[in-house]
file structure18.txt (compact mmCIF, C-alpha atoms)
# COMPACT_ATOMS: atom_id res chain seq x y z
CA MET A 1 -23.13 -27.19 25.27
CA PRO A 2 -25.16 -24.98 22.90
CA ARG A 3 -23.93 -24.54 19.38
CA ALA A 4 -21.22 -21.91 19.11
CA GLY A 5 -23.14 -19.99 16.49
CA ASN A 6 -26.10 -19.50 18.82
CA ARG A 7 -24.24 -17.28 21.29
CA PRO A 8 -26.40 -14.35 22.40
CA THR A 9 -25.13 -11.04 21.04
CA THR A 10 -25.48 -7.48 22.20
CA LEU A 11 -26.58 -4.72 19.86
CA THR A 12 -23.35 -3.34 18.47
CA THR A 13 -23.39 0.23 17.20
CA VAL A 14 -20.81 2.22 15.26
CA ARG A 15 -20.45 5.91 14.39
CA ILE A 16 -21.97 6.81 11.06
CA GLY A 17 -18.71 8.73 10.64
CA THR A 18 -17.02 5.44 9.68
CA VAL A 19 -19.04 5.46 6.44
CA GLN A 20 -19.53 9.22 6.18
CA SER A 21 -18.80 9.38 2.45
CA LEU A 22 -21.41 6.74 1.55
CA PRO A 23 -23.95 9.23 0.09
CA SER A 24 -21.34 10.92 -2.11
CA VAL A 25 -19.98 7.54 -3.26
CA LEU A 26 -23.49 6.45 -4.24
CA ARG A 27 -24.06 9.67 -6.19
CA GLY A 28 -20.77 9.12 -8.00
CA LEU A 29 -21.97 5.65 -8.98
CA GLY A 30 -25.26 7.02 -10.32
CA ALA A 31 -27.53 5.97 -7.45
CA ASP A 32 -29.84 8.10 -5.31
CA PRO A 33 -28.57 7.78 -1.70
CA ALA A 34 -31.99 8.65 -0.24
CA GLU A 35 -33.59 5.75 -2.13
CA VAL A 36 -30.86 3.27 -1.16
CA LEU A 37 -31.12 4.27 2.49
CA ALA A 38 -34.89 4.00 2.40
CA ASP A 39 -34.53 0.40 1.19
CA VAL A 40 -33.13 -0.52 4.62
CA GLY A 41 -35.33 1.83 6.65
CA LEU A 42 -32.88 4.72 7.06
CA LYS A 43 -33.07 8.42 6.20
CA LEU A 44 -30.42 10.55 4.55
CA GLU A 45 -30.48 12.90 7.54
CA LEU A 46 -28.62 10.21 9.49
CA PHE A 47 -25.45 11.44 7.79
CA ASP A 48 -25.89 15.03 8.94
CA ASN A 49 -23.99 14.28 12.15
CA PRO A 50 -20.98 11.89 12.08
CA ASP A 51 -21.61 11.07 15.76
CA ASN A 52 -24.97 9.47 14.94
CA LEU A 53 -24.98 5.74 15.60
CA VAL A 54 -26.11 2.82 13.46
CA SER A 55 -26.13 -0.84 14.40
CA PHE A 56 -23.36 -3.03 13.03
CA ALA A 57 -25.96 -5.34 11.47
CA LEU A 58 -27.81 -2.48 9.77
CA ARG A 59 -24.57 -1.06 8.38
CA GLY A 60 -23.93 -4.47 6.82
CA ARG A 61 -27.41 -4.54 5.28
CA LEU A 62 -26.90 -1.03 3.94
CA LEU A 63 -23.56 -1.86 2.31
CA ARG A 64 -24.99 -4.98 0.71
CA ARG A 65 -27.85 -2.92 -0.68
CA CYS A 66 -25.34 -0.39 -2.04
CA VAL A 67 -23.65 -3.18 -4.01
CA GLU A 68 -27.00 -4.44 -5.30
CA ARG A 69 -28.21 -0.98 -6.36
CA THR A 70 -24.97 0.15 -8.04
CA GLY A 71 -23.54 -3.10 -9.37
CA CYS A 72 -20.20 -1.95 -7.97
CA SER A 73 -18.43 -4.76 -6.09
CA HIS A 74 -15.94 -2.44 -4.34
CA VAL A 75 -18.27 0.10 -2.72
CA GLY A 76 -16.69 -0.52 0.69
CA LEU A 77 -13.25 0.25 -0.69
CA LEU A 78 -14.46 3.56 -2.13
CA ILE A 79 -16.04 4.56 1.18
CA GLY A 80 -12.99 3.59 3.21
CA GLN A 81 -10.70 5.71 1.08
CA ASP A 82 -12.31 8.83 2.55
CA GLY A 83 -11.93 7.55 6.12
CA GLY A 84 -9.13 8.11 8.61
CA LEU A 85 -8.62 9.19 12.18
CA HIS A 86 -11.38 11.79 11.75
CA SER A 87 -13.83 8.88 11.38
CA PHE A 88 -13.46 8.16 15.11
CA GLY A 89 -14.47 11.61 16.35
CA LEU A 90 -12.87 12.91 19.55
CA VAL A 91 -10.75 9.80 20.10
CA GLY A 92 -9.37 10.09 16.58
CA ALA A 93 -8.46 13.69 17.23
CA LEU A 94 -6.81 12.90 20.56
CA VAL A 95 -4.84 9.99 19.09
CA LYS A 96 -2.91 12.47 16.97
CA HIS A 97 -1.44 13.89 20.19
CA ALA A 98 0.03 10.62 21.44
CA PRO A 99 3.81 10.71 21.95
CA ASP A 100 4.50 8.19 19.18
CA VAL A 101 2.87 6.06 16.50
CA GLY A 102 2.69 2.91 18.64
CA THR A 103 0.92 4.69 21.49
CA ALA A 104 -1.50 6.28 19.03
CA LEU A 105 -2.49 2.97 17.40
CA ARG A 106 -2.83 1.19 20.76
CA GLY A 107 -5.04 4.02 22.01
CA LEU A 108 -7.29 3.63 18.99
CA ILE A 109 -7.45 -0.13 19.55
CA THR A 110 -8.41 0.37 23.21
CA TYR A 111 -11.24 2.66 22.10
CA MET A 112 -12.48 0.01 19.64
CA ARG A 113 -12.37 -2.70 22.31
CA ALA A 114 -14.39 -0.63 24.75
CA TYR A 115 -17.08 0.67 22.43
CA VAL A 116 -17.36 -1.56 19.36
CA HIS A 117 -18.02 -5.18 20.36
CA GLY A 118 -18.63 -6.46 16.84
CA VAL A 119 -14.99 -6.29 15.78
CA SER A 120 -11.51 -7.06 17.00
CA MET A 121 -8.62 -4.75 16.15
CA SER A 122 -5.05 -5.53 17.18
CA LEU A 123 -1.43 -4.52 16.73
CA SER A 124 1.25 -7.21 16.78
CA VAL A 125 4.99 -7.27 16.08
CA GLU A 126 6.92 -10.22 14.72
CA ASN A 127 10.60 -9.84 13.92
CA SER A 128 10.82 -6.49 12.10
CA THR A 129 7.20 -6.31 10.92
CA ALA A 130 4.18 -4.68 12.59
CA LEU A 131 0.71 -5.94 11.69
CA PHE A 132 -2.28 -3.65 12.22
CA SER A 133 -5.24 -6.01 11.83
CA TYR A 134 -9.02 -6.11 12.02
CA GLN A 135 -11.46 -9.00 12.25
CA ILE A 136 -15.25 -9.09 12.40
CA VAL A 137 -16.50 -10.86 15.53
CA GLU A 138 -20.24 -10.25 15.14
CA SER A 139 -21.83 -13.52 14.03
CA GLY A 140 -24.10 -13.50 10.99
CA SER A 141 -22.83 -10.15 9.73
CA LEU A 142 -23.64 -9.14 6.16
CA ALA A 143 -21.30 -7.55 3.62
CA THR A 144 -18.22 -8.43 5.66
CA ASP A 145 -16.13 -8.13 2.50
CA GLN A 146 -17.32 -4.54 1.97
CA ILE A 147 -16.77 -3.64 5.64
CA GLY A 148 -13.33 -5.26 5.59
CA ASP A 149 -12.25 -3.51 2.38
CA GLY A 150 -13.29 -0.18 3.84
CA VAL A 151 -11.42 -0.82 7.07
CA VAL A 152 -8.20 -1.83 5.28
CA ALA A 153 -8.37 1.35 3.21
CA MET A 154 -8.92 3.34 6.39
CA MET A 155 -6.11 1.61 8.30
CA PHE A 156 -3.77 2.18 5.37
CA LYS A 157 -4.60 5.88 5.48
CA ILE A 158 -4.23 6.07 9.28
CA VAL A 159 -0.75 4.55 9.16
CA ARG A 160 0.31 7.10 6.54
CA GLU A 161 -1.37 9.89 8.48
CA LEU A 162 0.60 9.02 11.62
CA CYS A 163 3.91 7.97 10.07
CA GLY A 164 4.12 10.57 7.31
CA ARG A 165 2.75 10.80 3.79
CA ASP A 166 6.08 9.58 2.37
CA ARG A 167 5.78 6.29 4.28
CA ALA A 168 3.37 3.69 2.87
CA PRO A 169 2.61 0.32 4.51
CA TRP A 170 4.33 -2.70 3.00
CA GLU A 171 1.34 -4.88 2.24
CA ALA A 172 -2.47 -5.03 2.49
CA TYR A 173 -4.39 -8.17 3.47
CA PHE A 174 -8.01 -9.14 2.78
CA ALA A 175 -10.02 -11.95 4.38
CA HIS A 176 -11.93 -12.71 1.18
CA GLY A 177 -11.18 -14.14 -2.23
CA LYS A 178 -9.45 -12.22 -5.00
CA PRO A 179 -11.99 -9.93 -6.73
CA ASP A 180 -12.53 -10.15 -10.47
CA ASN A 181 -11.53 -6.50 -10.85
CA LEU A 182 -8.24 -5.75 -9.09
CA SER A 183 -7.64 -2.33 -10.63
CA PRO A 184 -9.42 -0.26 -7.90
CA TYR A 185 -7.33 -2.01 -5.23
CA ARG A 186 -4.06 -1.59 -7.12
CA LYS A 187 -4.81 2.04 -7.86
CA TYR A 188 -5.45 2.96 -4.22
CA PHE A 189 -2.93 0.85 -2.31
CA ARG A 190 0.00 0.59 -4.74
CA VAL A 191 1.55 -2.13 -2.54
CA PRO A 192 1.42 -5.94 -2.70
CA LEU A 193 -2.08 -7.31 -2.02
CA THR A 194 -2.85 -10.64 -0.32
CA PHE A 195 -6.34 -12.16 -0.60
CA ASP A 196 -7.79 -15.19 1.19
CA ALA A 197 -5.91 -13.98 4.26
CA GLU A 198 -6.97 -14.84 7.82
CA TYR A 199 -7.61 -11.17 8.67
CA TYR A 200 -7.97 -7.71 7.21
CA ALA A 201 -4.69 -5.90 7.86
CA VAL A 202 -1.81 -3.73 6.76
CA SER A 203 1.83 -4.42 7.56
CA PHE A 204 4.67 -1.94 7.95
CA PRO A 205 8.16 -1.73 9.50
CA ALA A 206 8.00 -2.23 13.28
CA ARG A 207 10.50 0.62 13.76
CA TRP A 208 7.81 3.07 12.66
CA LEU A 209 5.99 2.44 15.95
CA ASP A 210 8.67 4.52 17.70
CA LEU A 211 8.29 7.51 15.39
CA PRO A 212 7.35 10.64 17.41
CA LEU A 213 4.23 12.47 16.30
CA ASP A 214 4.73 16.02 15.10
CA ASN A 215 2.97 18.88 16.87
CA ALA A 216 1.64 16.70 19.69
CA ASP A 217 0.04 18.85 22.40
CA PRO A 218 1.11 17.71 25.94
CA GLU A 219 -2.20 18.85 27.46
CA LEU A 220 -4.25 16.98 24.91
CA ARG A 221 -1.92 14.02 25.37
CA ARG A 222 -2.77 13.92 29.08
CA LEU A 223 -6.47 14.09 28.19
CA LEU A 224 -5.98 11.15 25.82
CA GLN A 225 -4.17 9.11 28.46
CA ARG A 226 -6.91 9.78 31.01
CA GLN A 227 -9.66 8.83 28.57
CA ILE A 228 -7.86 5.67 27.46
CA GLY A 229 -7.39 4.72 31.12
CA GLU A 230 -11.13 5.11 31.68
CA LEU A 231 -11.86 2.99 28.63
CA GLU A 232 -9.50 0.26 29.83
CA SER A 233 -11.25 0.22 33.21
CA LYS A 234 -14.63 -0.12 31.49
CA PHE A 235 -13.40 -2.90 29.23
CA ALA A 236 -11.87 -4.78 32.17
CA ASP A 237 -15.39 -5.45 33.49
CA ASP A 238 -16.10 -7.84 30.58
CA PHE A 239 -13.45 -10.52 30.95
CA PRO A 240 -15.07 -13.07 28.57
CA GLU A 241 -15.13 -10.38 25.86
CA GLN A 242 -11.42 -9.77 26.39
CA VAL A 243 -10.72 -13.49 26.07
CA ARG A 244 -12.81 -13.73 22.91
CA ARG A 245 -10.82 -10.92 21.29
CA VAL A 246 -7.53 -12.54 22.25
CA LEU A 247 -8.75 -15.83 20.78
CA ARG A 248 -9.93 -14.13 17.59
CA THR A 249 -6.37 -13.06 16.81
CA GLY A 250 -4.66 -15.95 18.58
CA ILE A 251 -6.37 -18.84 16.76
CA PRO A 252 -4.94 -18.03 13.28
CA ALA A 253 -1.53 -17.45 14.88
CA GLY A 254 -1.56 -20.80 16.68
CA HIS A 255 -1.69 -19.24 20.15
CA SER A 256 -5.07 -20.34 21.46
CA SER A 257 -4.41 -22.73 24.34
CA ALA A 258 -5.66 -21.82 27.80
CA GLU A 259 -2.05 -21.53 28.98
CA GLN A 260 -1.09 -19.18 26.13
CA VAL A 261 -4.17 -16.98 26.61
CA ALA A 262 -3.70 -16.87 30.40
CA ALA A 263 -0.07 -15.79 29.93
CA LEU A 264 -1.24 -12.74 27.96
CA PHE A 265 -3.25 -11.67 31.02
CA SER A 266 -0.33 -12.49 33.34
CA ILE A 267 -2.44 -15.06 35.22
CA HIS A 268 -2.36 -18.85 35.67
CA SER A 269 -4.60 -20.96 33.47
CA ARG A 270 -6.52 -22.09 36.58
CA THR A 271 -7.31 -18.43 37.33
CA LEU A 272 -8.43 -17.95 33.73
CA HIS A 273 -10.87 -20.86 34.05
CA ARG A 274 -12.19 -19.63 37.42
CA ARG A 275 -12.86 -16.11 36.15
CA LEU A 276 -14.69 -17.38 33.09
CA ILE A 277 -16.82 -19.79 35.14
CA ALA A 278 -17.69 -16.93 37.48
CA ALA A 279 -18.87 -14.97 34.42
CA GLY A 280 -21.11 -17.83 33.34
CA THR A 281 -19.03 -19.33 30.54
CA GLY A 282 -15.94 -21.49 29.98
CA PHE A 283 -12.75 -21.42 27.95
CA ARG A 284 -13.69 -24.33 25.68
CA GLU A 285 -17.05 -22.70 24.92
CA LEU A 286 -15.40 -19.39 23.96
CA LEU A 287 -12.75 -21.18 21.90
CA GLU A 288 -15.36 -23.09 19.91
CA GLN A 289 -17.46 -19.97 19.40
CA GLU A 290 -14.50 -18.20 17.84
CA GLN A 291 -13.45 -21.23 15.81
CA PHE A 292 -16.99 -21.52 14.43
CA GLU A 293 -17.26 -17.84 13.54
CA LEU A 294 -13.79 -17.71 11.98
CA ALA A 295 -14.52 -20.88 10.01
CA SER A 296 -17.86 -19.51 8.77
CA GLN A 297 -16.29 -16.26 7.63
CA MET A 298 -13.54 -18.11 5.77
CA LEU A 299 -16.02 -20.49 4.17
CA GLU A 300 -18.20 -17.60 3.00
CA ASN A 301 -15.61 -15.00 2.05
CA THR A 302 -12.56 -16.94 0.82
CA THR A 303 -11.82 -19.72 -1.63
CA LEU A 304 -9.69 -21.64 0.87
CA GLY A 305 -10.27 -25.39 0.98
CA VAL A 306 -11.59 -27.22 4.03
CA ARG A 307 -8.14 -28.64 4.77
CA GLN A 308 -6.56 -25.16 4.76
CA ILE A 309 -9.30 -23.73 6.98
CA ALA A 310 -8.99 -26.64 9.39
CA SER A 311 -5.24 -26.07 9.65
CA SER A 312 -5.62 -22.34 10.27
CA LEU A 313 -8.02 -23.11 13.14
CA GLY A 314 -5.57 -25.48 14.79
CA TYR A 315 -7.00 -28.83 13.63
CA ALA A 316 -4.41 -31.44 12.68
CA ARG A 317 -6.96 -33.33 10.56
CA ALA A 318 -9.64 -31.99 8.24
CA ASP A 319 -12.09 -34.73 9.23
CA ALA A 320 -11.93 -33.64 12.89
CA PHE A 321 -12.78 -30.10 11.82
CA THR A 322 -15.64 -31.38 9.64
CA ARG A 323 -17.14 -33.28 12.58
CA ALA A 324 -16.83 -30.22 14.82
CA TYR A 325 -18.42 -27.93 12.24
CA ARG A 326 -21.34 -30.33 11.74
CA ARG A 327 -21.87 -30.28 15.50
CA TRP A 328 -21.82 -26.48 15.57
CA SER A 329 -23.98 -25.74 12.51
CA GLY A 330 -25.79 -28.97 11.68
CA LYS A 331 -24.01 -29.14 8.29
CA THR A 332 -20.62 -30.11 6.95
CA PRO A 333 -18.35 -27.18 5.93
CA VAL A 334 -18.89 -27.99 2.23
CA ALA A 335 -22.69 -28.14 2.63
CA TRP A 336 -22.75 -24.92 4.69
CA ARG A 337 -20.65 -23.08 2.10
CA ALA A 338 -22.95 -24.24 -0.72
CA SER A 339 -26.12 -23.23 1.13
CA ARG A 340 -24.66 -19.84 2.04
CA ALA A 341 -23.67 -19.17 -1.57
CA LYS A 342 -27.19 -20.11 -2.69
CA GLU A 343 -28.73 -17.72 -0.14
CA THR A 344 -26.43 -14.89 -1.25
CA ASN A 345 -27.14 -15.43 -4.95
CA SER A 346 -30.86 -15.54 -4.24
CA ALA A 347 -30.68 -12.29 -2.26
CA ILE A 348 -29.01 -10.43 -5.14
CA GLY A 349 -31.20 -12.02 -7.79
CA VAL A 350 -28.57 -14.20 -9.43
call {"tool": "encode", "arguments": {"input": "structure18.txt", "output": "structure tokens"}}
result
Amino acid sequence: MPRAGNRPTTLTTVRIGTVQSLPSVLRGLGADPAEVLADVGLKLELFDNPDNLVSFALRGRLLRRCVERTGCSHVGLLIGQDGGLHSFGLVGALVKHAPDVGTALRGLITYMRAYVHGVSMSLSVENSTALFSYQIVESGSLATDQIGDGVVAMMFKIVRELCGRDRAPWEAYFAHGKPDNLSPYRKYFRVPLTFDAEYYAVSFPARWLDLPLDNADPELRRLLQRQIGELESKFADDFPEQVRRVLRTGIPAGHSSAEQVAALFSIHSRTLHRRLIAAGTGFRELLEQEQFELASQMLENTTLGVRQIASSLGYARADAFTRAYRRWSGKTPVAWRASRAKETNSAIGV
């Protein structure tokens, strides 16, 4: 089997509207946005239309360059604070006309699944808590901490936008280590913050999912339902991608067996295996791809130890995880983390 990290990827694009405020943020930090954009081969005119597209990889390069040029380690957070449902164009506008908060968030997630293959967004409920989470699936992505910070800020704002300005999420989660300067995070979120988490997310009372949305237009609601139905049909054509996204959220939660994944699709595990084989892949291959990418992101972006990472990926023993990671990457987790840190420091001139 080929190494999990060598899986072919498609070119993932996102609306420039998701980072629409980037030029103004750069100006506020004393940098010339045209010069920063030119460093990565982009022009300022790209931001004239929020529907313009940029590749996921290029957005990561751009955000990393923003940090290098400004010396500001929370650029992504600043950009995300200006985001919201408007960042998603027509779908964001239609989501506001869903009958309730839960339907609105699930509609947004369906849109993300259909059109943005570099990320996985999900909504889960456990006991009385809802978790609105986001994980980066695209392998080898740059500036994942900046992207994640921006997304958490945006999700925080979306929850308040849908539930009411007087309702703030309970907690914010970040899949990277605690930053040296916490004040920008505390100032914006004003809720408990958890770092070194397994995902980027916000949590809030599950009962809020049933809150009706004010001023929802029935006609626009029907348009939303029709569009979401079309998106679901399109997404259904890529079964391996669906399984990967389920695994991406299921692995940290301990729900990553073939039987557990098959149950989420209301099929038998034998059917799951048959459909994946017909698509040219297998369950074990997809599972290891996601374990490798999750492990690499945690090694690079958090301070979690190898034993903790191994446990979060479902390994009973750290040495078994170490052997698997050496098979996937050619290095032990400790060696890979050290080499990655060296590459990053070299790139920013440290």
call {"tool": "closest_atom_pairs", "arguments": {"input": "structure18.txt", "of": "range 203-314 of chain A", "to": "range 93-103 of chain A", "cutoff": "7 Å", "atoms": "all atoms listed in the file", "output": "CSV"}}
result
residue,atom,partner,partner_atom,distance
A:Trp208,CA,A:Val101,CA,6.9
A:Leu209,CA,A:Gly102,CA,4.3
A:Asp210,CA,A:Asp100,CA,5.7
A:Leu211,CA,A:Asp100,CA,5.4
A:Pro212,CA,A:Asp100,CA,4.2
A:Leu213,CA,A:Asp100,CA,5.2
A:Ala216,CA,A:His97,CA,4.2
A:Asp217,CA,A:His97,CA,5.6
A:Leu220,CA,A:His97,CA,6.3
A:Arg221,CA,A:His97,CA,5.2
A:Leu224,CA,A:Leu94,CA,5.6
call {"tool": "closest_residue", "arguments": {"input": "structure18.txt", "among": "A:Pro205, A:Pro184, A:Gly254, A:Pro192", "to": "Leu131 in chain A", "atoms": "all atoms listed in the file"}}
result
A:Pro205
call {"tool": "residues_around", "arguments": {"input": "structure18.txt", "residues": "range 43-47 of chain A", "least_positions_apart": "2", "cutoff": "12 Å", "atoms": "all atoms listed in the file", "output": "PyMOL selection string"}}
result
chain A and resi 15-24+26+32-41+49-54+62
call {"tool": "atom_distance", "arguments": {"input": "structure18.txt", "atom1": "CA of His74 in chain A", "atom2": "CA of Ser55 in chain A"}}
result
21.4 Å
call {"tool": "closest_atom_pairs", "arguments": {"input": "structure18.txt", "of": "range 131-230 of chain A", "to": "range 305-319 of chain A", "cutoff": "12 Å", "atoms": "only C-alpha atoms", "output": "CSV"}}
result
residue,atom,partner,partner_atom,distance
A:Gly177,CA,A:Gly305,CA,11.7
A:Asp196,CA,A:Ile309,CA,10.4
A:Ala197,CA,A:Ser312,CA,10.3
A:Glu198,CA,A:Ser312,CA,8.0
A:Tyr199,CA,A:Ser312,CA,11.5
call {"tool": "atom_distance", "arguments": {"input": "structure18.txt", "atom1": "CA of Asp180 in chain A", "atom2": "CA of Phe195 in chain A"}}
result
11.8 Å
call {"tool": "closest_residue", "arguments": {"input": "structure18.txt", "among": "A:Val151, A:Ile158, A:Leu42, A:Ile267", "to": "Ile136 in chain A", "atoms": "all atoms listed in the file"}}
result
A:Val151
call {"tool": "atom_distance", "arguments": {"input": "structure18.txt", "atom1": "CA of Arg61 in chain A", "atom2": "CA of Leu142 in chain A"}}
result
6.0 Å
call {"tool": "residues_around", "arguments": {"input": "structure18.txt", "residues": "range 330-338 of chain A", "least_positions_apart": "4", "cutoff": "8 Å", "atoms": "all atoms listed in the file", "output": "ChimeraX atom specification"}}
result
/A:299-300,306,322-323,325-326,342
call {"tool": "residues_near_point", "arguments": {"input": "structure18.txt", "point": "(-12.8, 8.8, -0.7)", "cutoff": "10 Å", "atoms": "all atoms listed in the file", "output": "PyMOL selection string"}}
result
chain A and resi 20-22+24-25+77-83+153-154
call {"tool": "closest_residue", "arguments": {"input": "structure18.txt", "among": "A:Gly28, A:Gly164, A:Gly250, A:Gly150", "to": "Tyr188 in chain A", "atoms": "only C-alpha atoms"}}
result
A:Gly150
call {"tool": "closest_residue", "arguments": {"input": "structure18.txt", "among": "A:Arg106, A:Arg340, A:Arg275, A:Lys157", "to": "His86 in chain A", "atoms": "all atoms listed in the file"}}
result
A:Lys157
call {"tool": "closest_residue", "arguments": {"input": "structure18.txt", "among": "A:Thr194, A:Asn181, A:Thr110, A:Ser257", "to": "Glu288 in chain A", "atoms": "only C-alpha atoms"}}
result
A:Ser257
call {"tool": "closest_residue", "arguments": {"input": "structure18.txt", "among": "A:Arg59, A:Arg160, A:Arg327, A:Arg165", "to": "Gln289 in chain A", "atoms": "all atoms listed in the file"}}
result
A:Arg327
call {"tool": "residues_around", "arguments": {"input": "structure18.txt", "residues": "Asn301 in chain A", "least_positions_apart": "4", "cutoff": "7 Å", "atoms": "all atoms listed in the file", "output": "mmCIF file with C-alpha atoms, in the frame of the given file"}}
result
data_model
loop_
_atom_site.group_PDB
_atom_site.id
_atom_site.type_symbol
_atom_site.label_atom_id
_atom_site.label_comp_id
_atom_site.auth_asym_id
_atom_site.auth_seq_id
_atom_site.Cartn_x
_atom_site.Cartn_y
_atom_site.Cartn_z
ATOM 1 C CA ASP A 145 -16.130 -8.130 2.500
ATOM 2 C CA ALA A 175 -10.020 -11.950 4.380
ATOM 3 C CA HIS A 176 -11.930 -12.710 1.180
ATOM 4 C CA GLY A 177 -11.180 -14.140 -2.230
ATOM 5 C CA GLN A 297 -16.290 -16.260 7.630
#
